[in-house]
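Text of the file query_0.tsv, holding TSV, N, CA and C atoms:
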chain	number	residue	atom	x	y	z
A	189	MET	N	47.44	-66.45	-77.17
A	189	MET	CA	47.71	-67.85	-76.83
A	189	MET	C	48.52	-67.93	-75.53
A	190	ASP	N	48.20	-68.96	-74.81
A	190	ASP	CA	48.87	-69.17	-73.53
A	190	ASP	C	49.99	-70.20	-73.62
A	191	VAL	N	50.34	-70.61	-74.82
A	191	VAL	CA	51.42	-71.57	-74.97
A	191	VAL	C	52.32	-71.12	-76.11
A	192	GLU	N	53.61	-71.38	-75.93
A	192	GLU	CA	54.58	-71.14	-77.00
A	192	GLU	C	55.22	-72.46	-77.35
A	193	ILE	N	55.43	-72.67	-78.64
A	193	ILE	CA	56.05	-73.91	-79.11
A	193	ILE	C	57.27	-73.53	-79.93
A	194	HIS	N	58.41	-74.08	-79.55
A	194	HIS	CA	59.62	-73.93	-80.36
A	194	HIS	C	60.01	-75.31	-80.83
A	195	GLU	N	60.24	-75.42	-82.12
A	195	GLU	CA	60.55	-76.70	-82.73
A	195	GLU	C	62.02	-76.72	-83.11
A	196	GLU	N	62.66	-77.85	-82.84
A	196	GLU	CA	64.09	-77.98	-83.11
A	196	GLU	C	64.37	-79.40	-83.56
A	197	LYS	N	65.16	-79.55	-84.60
A	197	LYS	CA	65.50	-80.89	-85.07
A	197	LYS	C	66.91	-81.23	-84.60
A	198	LYS	N	67.04	-82.41	-84.00
A	198	LYS	CA	68.36	-82.90	-83.60
A	198	LYS	C	68.48	-84.33	-84.07
A	199	GLY	N	69.33	-84.54	-85.06
A	199	GLY	CA	69.43	-85.88	-85.64
A	199	GLY	C	68.10	-86.22	-86.28
A	200	LYS	N	67.57	-87.41	-85.96
A	200	LYS	CA	66.27	-87.78	-86.52
A	200	LYS	C	65.13	-87.45	-85.57
A	201	ALA	N	65.44	-86.81	-84.47
A	201	ALA	CA	64.41	-86.45	-83.49
A	201	ALA	C	63.95	-85.01	-83.68
A	202	ILE	N	62.68	-84.78	-83.40
A	202	ILE	CA	62.17	-83.41	-83.37
A	202	ILE	C	61.85	-83.10	-81.92
A	203	ILE	N	62.36	-81.98	-81.45
A	203	ILE	CA	62.13	-81.55	-80.07
A	203	ILE	C	61.18	-80.37	-80.10
A	204	PHE	N	60.13	-80.48	-79.30
A	204	PHE	CA	59.20	-79.38	-79.13
A	204	PHE	C	59.37	-78.84	-77.72
A	205	LEU	N	59.79	-77.59	-77.61
A	205	LEU	CA	59.88	-76.95	-76.30
A	205	LEU	C	58.57	-76.21	-76.09
A	206	LEU	N	57.84	-76.62	-75.06
A	206	LEU	CA	56.55	-76.01	-74.77
A	206	LEU	C	56.68	-75.13	-73.55
A	207	SER	N	56.13	-73.94	-73.63
A	207	SER	CA	56.12	-73.07	-72.45
A	207	SER	C	54.73	-72.48	-72.30
A	208	GLY	N	54.32	-72.32	-71.05
A	208	GLY	CA	52.99	-71.80	-70.75
A	208	GLY	C	52.05	-72.89	-70.31
A	209	ARG	N	50.84	-72.88	-70.87
A	209	ARG	CA	49.78	-73.80	-70.45
A	209	ARG	C	49.34	-74.67	-71.62
A	210	LEU	N	49.20	-75.96	-71.36
A	210	LEU	CA	48.67	-76.89	-72.35
A	210	LEU	C	47.27	-77.27	-71.87
A	211	ASP	N	46.27	-76.56	-72.39
A	211	ASP	CA	44.89	-76.74	-71.93
A	211	ASP	C	43.94	-76.80	-73.13
A	212	SER	N	42.64	-76.72	-72.88
A	212	SER	CA	41.66	-76.87	-73.97
A	212	SER	C	41.79	-75.76	-75.02
A	213	THR	N	42.30	-74.61	-74.64
A	213	THR	CA	42.46	-73.51	-75.59
A	213	THR	C	43.69	-73.73	-76.47
A	214	THR	N	44.77	-74.20	-75.89
A	214	THR	CA	46.04	-74.28	-76.61
A	214	THR	C	46.33	-75.66	-77.20
A	215	SER	N	45.69	-76.70	-76.70
A	215	SER	CA	46.03	-78.05	-77.14
A	215	SER	C	45.78	-78.32	-78.63
A	216	PRO	N	44.72	-77.74	-79.27
A	216	PRO	CA	44.56	-78.01	-80.70
A	216	PRO	C	45.77	-77.54	-81.53
A	217	MET	N	46.33	-76.39	-81.20
A	217	MET	CA	47.47	-75.87	-81.92
A	217	MET	C	48.70	-76.77	-81.70
A	218	VAL	N	48.92	-77.19	-80.47
A	218	VAL	CA	50.05	-78.06	-80.16
A	218	VAL	C	49.90	-79.39	-80.88
A	219	GLU	N	48.70	-79.96	-80.83
A	219	GLU	CA	48.44	-81.23	-81.49
A	219	GLU	C	48.69	-81.13	-82.99
A	220	GLU	N	48.22	-80.06	-83.60
A	220	GLU	CA	48.40	-79.85	-85.04
A	220	GLU	C	49.88	-79.80	-85.39
A	221	LYS	N	50.67	-79.08	-84.60
A	221	LYS	CA	52.12	-78.96	-84.84
A	221	LYS	C	52.81	-80.32	-84.77
A	222	ILE	N	52.49	-81.09	-83.72
A	222	ILE	CA	53.15	-82.39	-83.53
A	222	ILE	C	52.71	-83.37	-84.62
A	223	LEU	N	51.40	-83.42	-84.90
A	223	LEU	CA	50.91	-84.33	-85.93
A	223	LEU	C	51.47	-83.98	-87.31
A	224	GLN	N	51.64	-82.70	-87.57
A	224	GLN	CA	52.22	-82.28	-88.85
A	224	GLN	C	53.66	-82.79	-88.97
A	225	ALA	N	54.40	-82.72	-87.88
A	225	ALA	CA	55.77	-83.24	-87.88
A	225	ALA	C	55.77	-84.75	-88.15
A	226	ILE	N	54.81	-85.46	-87.56
A	226	ILE	CA	54.71	-86.91	-87.77
A	226	ILE	C	54.36	-87.21	-89.23
A	227	VAL	N	53.40	-86.48	-89.78
A	227	VAL	CA	53.01	-86.64	-91.19
A	227	VAL	C	54.21	-86.37	-92.10
A	228	ASN	N	55.05	-85.41	-91.71
A	228	ASN	CA	56.23	-85.05	-92.51
A	228	ASN	C	57.39	-86.02	-92.31
A	229	GLY	N	57.17	-87.09	-91.55
A	229	GLY	CA	58.19	-88.13	-91.44
A	229	GLY	C	58.87	-88.29	-90.10
A	230	ALA	N	58.53	-87.45	-89.13
A	230	ALA	CA	59.17	-87.60	-87.81
A	230	ALA	C	58.69	-88.90	-87.15
A	231	SER	N	59.61	-89.67	-86.62
A	231	SER	CA	59.21	-90.87	-85.88
A	231	SER	C	59.64	-90.79	-84.42
A	232	ASP	N	60.49	-89.84	-84.11
A	232	ASP	CA	60.93	-89.65	-82.73
A	232	ASP	C	60.67	-88.22	-82.31
A	233	VAL	N	59.83	-88.07	-81.29
A	233	VAL	CA	59.44	-86.74	-80.81
A	233	VAL	C	59.79	-86.63	-79.34
A	234	ILE	N	60.44	-85.53	-78.99
A	234	ILE	CA	60.74	-85.23	-77.60
A	234	ILE	C	59.99	-83.96	-77.24
A	235	LEU	N	59.20	-84.03	-76.19
A	235	LEU	CA	58.48	-82.86	-75.70
A	235	LEU	C	59.21	-82.37	-74.45
A	236	ASP	N	59.78	-81.19	-74.54
A	236	ASP	CA	60.50	-80.60	-73.41
A	236	ASP	C	59.53	-79.70	-72.65
A	237	PHE	N	59.24	-80.10	-71.42
A	237	PHE	CA	58.25	-79.40	-70.59
A	237	PHE	C	58.89	-78.48	-69.57
A	238	ALA	N	60.17	-78.15	-69.72
A	238	ALA	CA	60.88	-77.35	-68.72
A	238	ALA	C	60.14	-76.05	-68.40
A	239	SER	N	59.49	-75.45	-69.40
A	239	SER	CA	58.81	-74.17	-69.18
A	239	SER	C	57.29	-74.30	-69.22
A	240	LEU	N	56.80	-75.54	-69.15
A	240	LEU	CA	55.35	-75.75	-69.14
A	240	LEU	C	54.87	-75.62	-67.70
A	241	SER	N	53.85	-74.81	-67.49
A	241	SER	CA	53.38	-74.56	-66.12
A	241	SER	C	52.11	-75.32	-65.77
A	242	TYR	N	51.39	-75.83	-66.79
A	242	TYR	CA	50.09	-76.45	-66.52
A	242	TYR	C	49.72	-77.39	-67.66
A	243	ILE	N	49.08	-78.50	-67.31
A	243	ILE	CA	48.51	-79.40	-68.32
A	243	ILE	C	47.12	-79.81	-67.86
A	244	SER	N	46.16	-79.77	-68.78
A	244	SER	CA	44.79	-80.18	-68.47
A	244	SER	C	44.51	-81.54	-69.12
A	245	SER	N	43.30	-82.04	-68.93
A	245	SER	CA	42.93	-83.31	-69.56
A	245	SER	C	43.00	-83.19	-71.08
A	246	ALA	N	42.70	-82.02	-71.63
A	246	ALA	CA	42.80	-81.82	-73.08
A	246	ALA	C	44.26	-81.95	-73.53
A	247	GLY	N	45.18	-81.44	-72.72
A	247	GLY	CA	46.60	-81.57	-73.03
A	247	GLY	C	47.06	-83.02	-72.96
A	248	ILE	N	46.55	-83.75	-71.97
A	248	ILE	CA	46.90	-85.17	-71.85
A	248	ILE	C	46.37	-85.94	-73.06
A	249	ARG	N	45.17	-85.58	-73.52
A	249	ARG	CA	44.59	-86.24	-74.68
A	249	ARG	C	45.50	-86.06	-75.91
A	250	VAL	N	46.06	-84.87	-76.07
A	250	VAL	CA	47.00	-84.61	-77.17
A	250	VAL	C	48.21	-85.53	-77.06
A	251	LEU	N	48.76	-85.65	-75.87
A	251	LEU	CA	49.93	-86.51	-75.67
A	251	LEU	C	49.62	-87.95	-76.05
A	252	VAL	N	48.46	-88.44	-75.58
A	252	VAL	CA	48.08	-89.83	-75.85
A	252	VAL	C	47.83	-90.04	-77.35
A	253	HIS	N	47.14	-89.10	-77.99
A	253	HIS	CA	46.87	-89.21	-79.43
A	253	HIS	C	48.18	-89.25	-80.22
A	254	CYS	N	49.09	-88.36	-79.91
A	254	CYS	CA	50.39	-88.33	-80.61
A	254	CYS	C	51.18	-89.60	-80.34
A	255	HIS	N	51.11	-90.11	-79.12
A	255	HIS	CA	51.76	-91.36	-78.75
A	255	HIS	C	51.24	-92.50	-79.64
A	256	LYS	N	49.92	-92.57	-79.81
A	256	LYS	CA	49.33	-93.63	-80.64
A	256	LYS	C	49.73	-93.49	-82.10
A	257	GLU	N	49.78	-92.27	-82.60
A	257	GLU	CA	50.19	-92.05	-84.00
A	257	GLU	C	51.65	-92.48	-84.21
A	258	LEU	N	52.51	-92.17	-83.25
A	258	LEU	CA	53.92	-92.55	-83.38
A	258	LEU	C	54.11	-94.06	-83.23
A	259	GLU	N	53.28	-94.70	-82.39
A	259	GLU	CA	53.36	-96.15	-82.22
A	259	GLU	C	53.12	-96.86	-83.56
A	260	LYS	N	52.21	-96.33	-84.37
A	260	LYS	CA	51.91	-96.92	-85.68
A	260	LYS	C	53.14	-96.93	-86.57
A	261	LYS	N	54.06	-95.99	-86.34
A	261	LYS	CA	55.28	-95.87	-87.15
A	261	LYS	C	56.50	-96.46	-86.42
A	262	GLN	N	56.25	-97.20	-85.34
A	262	GLN	CA	57.34	-97.72	-84.50
A	262	GLN	C	58.22	-96.58	-83.99
A	263	GLY	N	57.59	-95.44	-83.75
A	263	GLY	CA	58.31	-94.27	-83.26
A	263	GLY	C	58.19	-94.12	-81.76
A	264	HIS	N	58.73	-93.04	-81.26
A	264	HIS	CA	58.75	-92.79	-79.81
A	264	HIS	C	58.31	-91.36	-79.52
A	265	ILE	N	57.67	-91.21	-78.39
A	265	ILE	CA	57.42	-89.87	-77.85
A	265	ILE	C	57.98	-89.88	-76.43
A	266	PHE	N	58.94	-89.02	-76.21
A	266	PHE	CA	59.59	-88.94	-74.90
A	266	PHE	C	59.29	-87.58	-74.29
A	267	LEU	N	59.20	-87.56	-72.98
A	267	LEU	CA	59.00	-86.32	-72.25
A	267	LEU	C	60.30	-85.97	-71.54
A	268	ALA	N	60.68	-84.71	-71.58
A	268	ALA	CA	61.92	-84.27	-70.93
A	268	ALA	C	61.63	-83.08	-70.03
A	269	SER	N	62.39	-82.97	-68.97
A	269	SER	CA	62.33	-81.83	-68.05
A	269	SER	C	60.89	-81.57	-67.55
A	270	VAL	N	60.24	-82.63	-67.11
A	270	VAL	CA	58.84	-82.52	-66.68
A	270	VAL	C	58.77	-81.99	-65.24
A	271	PRO	N	58.14	-80.83	-65.04
A	271	PRO	CA	58.00	-80.31	-63.68
A	271	PRO	C	57.19	-81.29	-62.81
A	272	LYS	N	57.52	-81.35	-61.53
A	272	LYS	CA	56.86	-82.28	-60.61
A	272	LYS	C	55.33	-82.18	-60.65
A	273	PRO	N	54.74	-80.97	-60.61
A	273	PRO	CA	53.27	-80.91	-60.62
A	273	PRO	C	52.65	-81.56	-61.87
A	274	ILE	N	53.31	-81.41	-63.02
A	274	ILE	CA	52.80	-82.02	-64.25
A	274	ILE	C	53.01	-83.53	-64.23
A	275	GLU	N	54.14	-83.96	-63.72
A	275	GLU	CA	54.39	-85.40	-63.57
A	275	GLU	C	53.34	-86.01	-62.64
A	276	ASN	N	53.00	-85.30	-61.57
A	276	ASN	CA	51.97	-85.79	-60.64
A	276	ASN	C	50.62	-85.92	-61.32
A	277	VAL	N	50.25	-84.95	-62.17
A	277	VAL	CA	48.98	-85.02	-62.90
A	277	VAL	C	48.97	-86.26	-63.80
A	278	LEU	N	50.06	-86.49	-64.51
A	278	LEU	CA	50.14	-87.67	-65.38
A	278	LEU	C	50.07	-88.96	-64.57
A	279	TYR	N	50.69	-88.96	-63.40
A	279	TYR	CA	50.67	-90.14	-62.54
A	279	TYR	C	49.26	-90.40	-62.00
A	280	ILE	N	48.63	-89.37	-61.46
A	280	ILE	CA	47.31	-89.51	-60.85
A	280	ILE	C	46.27	-89.96	-61.88
A	281	THR	N	46.38	-89.44	-63.11
A	281	THR	CA	45.41	-89.80	-64.14
A	281	THR	C	45.72	-91.15	-64.78
A	282	GLY	N	46.85	-91.76	-64.43
A	282	GLY	CA	47.18	-93.08	-64.94
A	282	GLY	C	47.89	-93.08	-66.28
A	283	PHE	N	48.29	-91.90	-66.77
A	283	PHE	CA	48.91	-91.83	-68.09
A	283	PHE	C	50.43	-91.82	-68.06
A	284	LEU	N	51.03	-91.68	-66.91
A	284	LEU	CA	52.50	-91.63	-66.83
A	284	LEU	C	53.16	-92.86	-67.46
A	285	PRO	N	52.62	-94.08	-67.26
A	285	PRO	CA	53.26	-95.26	-67.86
A	285	PRO	C	53.32	-95.25	-69.40
A	286	TYR	N	52.50	-94.42	-70.05
A	286	TYR	CA	52.52	-94.35	-71.51
A	286	TYR	C	53.81	-93.74	-72.02
A	287	PHE	N	54.49	-92.98	-71.17
A	287	PHE	CA	55.61	-92.17	-71.64
A	287	PHE	C	56.89	-92.47	-70.87
A	288	LYS	N	58.01	-92.39	-71.60
A	288	LYS	CA	59.30	-92.42	-70.94
A	288	LYS	C	59.64	-90.97	-70.60
A	289	VAL	N	60.01	-90.76	-69.34
A	289	VAL	CA	60.29	-89.41	-68.86
A	289	VAL	C	61.79	-89.32	-68.56
A	290	PHE	N	62.41	-88.25	-69.06
A	290	PHE	CA	63.84	-88.05	-68.88
A	290	PHE	C	64.11	-86.72	-68.20
A	291	GLU	N	65.27	-86.65	-67.54
A	291	GLU	CA	65.67	-85.43	-66.84
A	291	GLU	C	65.77	-84.24	-67.77
A	292	GLY	N	66.28	-84.50	-68.97
A	292	GLY	CA	66.47	-83.41	-69.93
A	292	GLY	C	66.54	-83.95	-71.34
A	293	GLN	N	66.70	-83.03	-72.29
A	293	GLN	CA	66.77	-83.40	-73.71
A	293	GLN	C	67.92	-84.35	-74.01
A	294	GLU	N	69.07	-84.10	-73.40
A	294	GLU	CA	70.25	-84.92	-73.71
A	294	GLU	C	70.01	-86.38	-73.36
A	295	GLN	N	69.38	-86.65	-72.20
A	295	GLN	CA	69.10	-88.03	-71.79
A	295	GLN	C	68.11	-88.67	-72.74
A	296	ALA	N	67.10	-87.90	-73.18
A	296	ALA	CA	66.11	-88.44	-74.13
A	296	ALA	C	66.77	-88.75	-75.47
A	297	LEU	N	67.62	-87.86	-75.95
A	297	LEU	CA	68.33	-88.08	-77.21
A	297	LEU	C	69.25	-89.29	-77.11
A	298	ALA	N	69.90	-89.44	-75.97
A	298	ALA	CA	70.79	-90.61	-75.77
A	298	ALA	C	69.98	-91.90	-75.80
A	299	ALA	N	68.80	-91.90	-75.20
A	299	ALA	CA	67.95	-93.08	-75.19
A	299	ALA	C	67.49	-93.43	-76.61
A	300	LEU	N	67.24	-92.42	-77.43
A	300	LEU	CA	66.82	-92.67	-78.81
A	300	LEU	C	67.91	-93.31	-79.64
A	301	SER	N	69.15	-93.00	-79.33
A	301	SER	CA	70.24	-93.56	-80.14
A	301	SER	C	70.40	-95.05	-79.91
A	302	TYR	N	69.78	-95.59	-78.85
A	302	TYR	CA	69.87	-97.02	-78.58
A	302	TYR	C	68.61	-97.76	-78.99
A	303	SER	N	67.57	-97.02	-79.40
A	303	SER	CA	66.30	-97.69	-79.70
A	303	SER	C	66.15	-97.96	-81.18

Exercise: express the given structure as structure tokens:
Amino acid sequence: MDVEIHEEKKGKAIIFLLSGRLDSTTSPMVEEKILQAIVNGASDVILDFASLSYISSAGIRVLVHCHKELEKKQGHIFLASVPKPIENVLYITGFLPYFKVFEGQEQALAALSYS
């Protein structure tokens, strides 16, 4: 696998630290992990992209699908530590407005405490 996922719970938020590539090969596993957390009751998800080097259209589809699932529960999906090239891909494809992007996990967690 070209992606590693580390899961961490902080308060009522679940943080997924992704490293490597989020592409057609790795996105089903990532999607399954995030959706399982949502099924298990998570309503606030933070995806930390600090170590993510690449995202494809399949990876973006996972983000959008998880966003829609969390919306049904009045939950949030926040992106943290997004590298510029990945932010540019999200911007160019028109998906950046779907997500709140934060400098790091702490800023995302702080934003959740007010929502």

**Prompt:** How many Å separate atom CA of A:Lys261 from atom CA of A:Asp232?
**Reply:** 9.5 Å

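Put simply, atom C of A:Pro216 is 16.5 Å away from atom CA of A:Val233.
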
**Message:** Report, in Å to a single decimal, how far apart atom C of A:Ser207 and atom CA of A:Ser244 are.
**Reply:**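 We find that atom CA of A:Ser244 and atom C of A:Ser207 lie 13.1 Å from each other.
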
**Request:** Kindly indicate which residue among A:Thr213, A:Ser231, A:Thr281, A:Ser245 lies nearest to A:Ala201, using only C-alpha atoms for the distances.
**Result:** A:Ser231

**Complete:** Min atom-atom distance to A:Val289 from the set A:Ala268, A:Ile248, A:Val191, A:Ile226, counting all atoms listed in the file, belongs to A:Ala268

**Request:** Check stretch 200-264 of chain A with DSSP on the backbone and list each residue it calls helix (DSSP H, G or I), as a PyMOL selection string.
**Result:** chain A and resi 215-227+245-260

Please give the centre and size of the box around stretch 282-300 of chain A (axis-aligned, containing every atom listed in the file, 8 Å added per side), with values in Å to one decimal and written as AutoDock Vina command-line options.
--center_x 58.8 --center_y -89.1 --center_z -72.0 --size_x 39.9 --size_y 28.2 --size_z 31.2

**Item:** Residues within 12 Å of A:Pro273, only C-alpha atoms, excluding chain neighbours under 2 positions, as a PyMOL selection string
**Value:** chain A and resi 237-238+240-244+269-271+275-280

**Asked** What lies within 7 Å of stretch 202-204 of chain A using all atoms listed in the file, ignoring chain neighbours under 3 positions off, as number ranges by chain?
**Response** A: 193-199, 230-237

**Message:** To test your reading of the structure, identify every residue in chain A that backbone DSSP assigns to strand (DSSP E or B), and report it as a PyMOL selection string.
**Reply:** chain A and resi 191-198+201-210+232-243+264-268+288-290
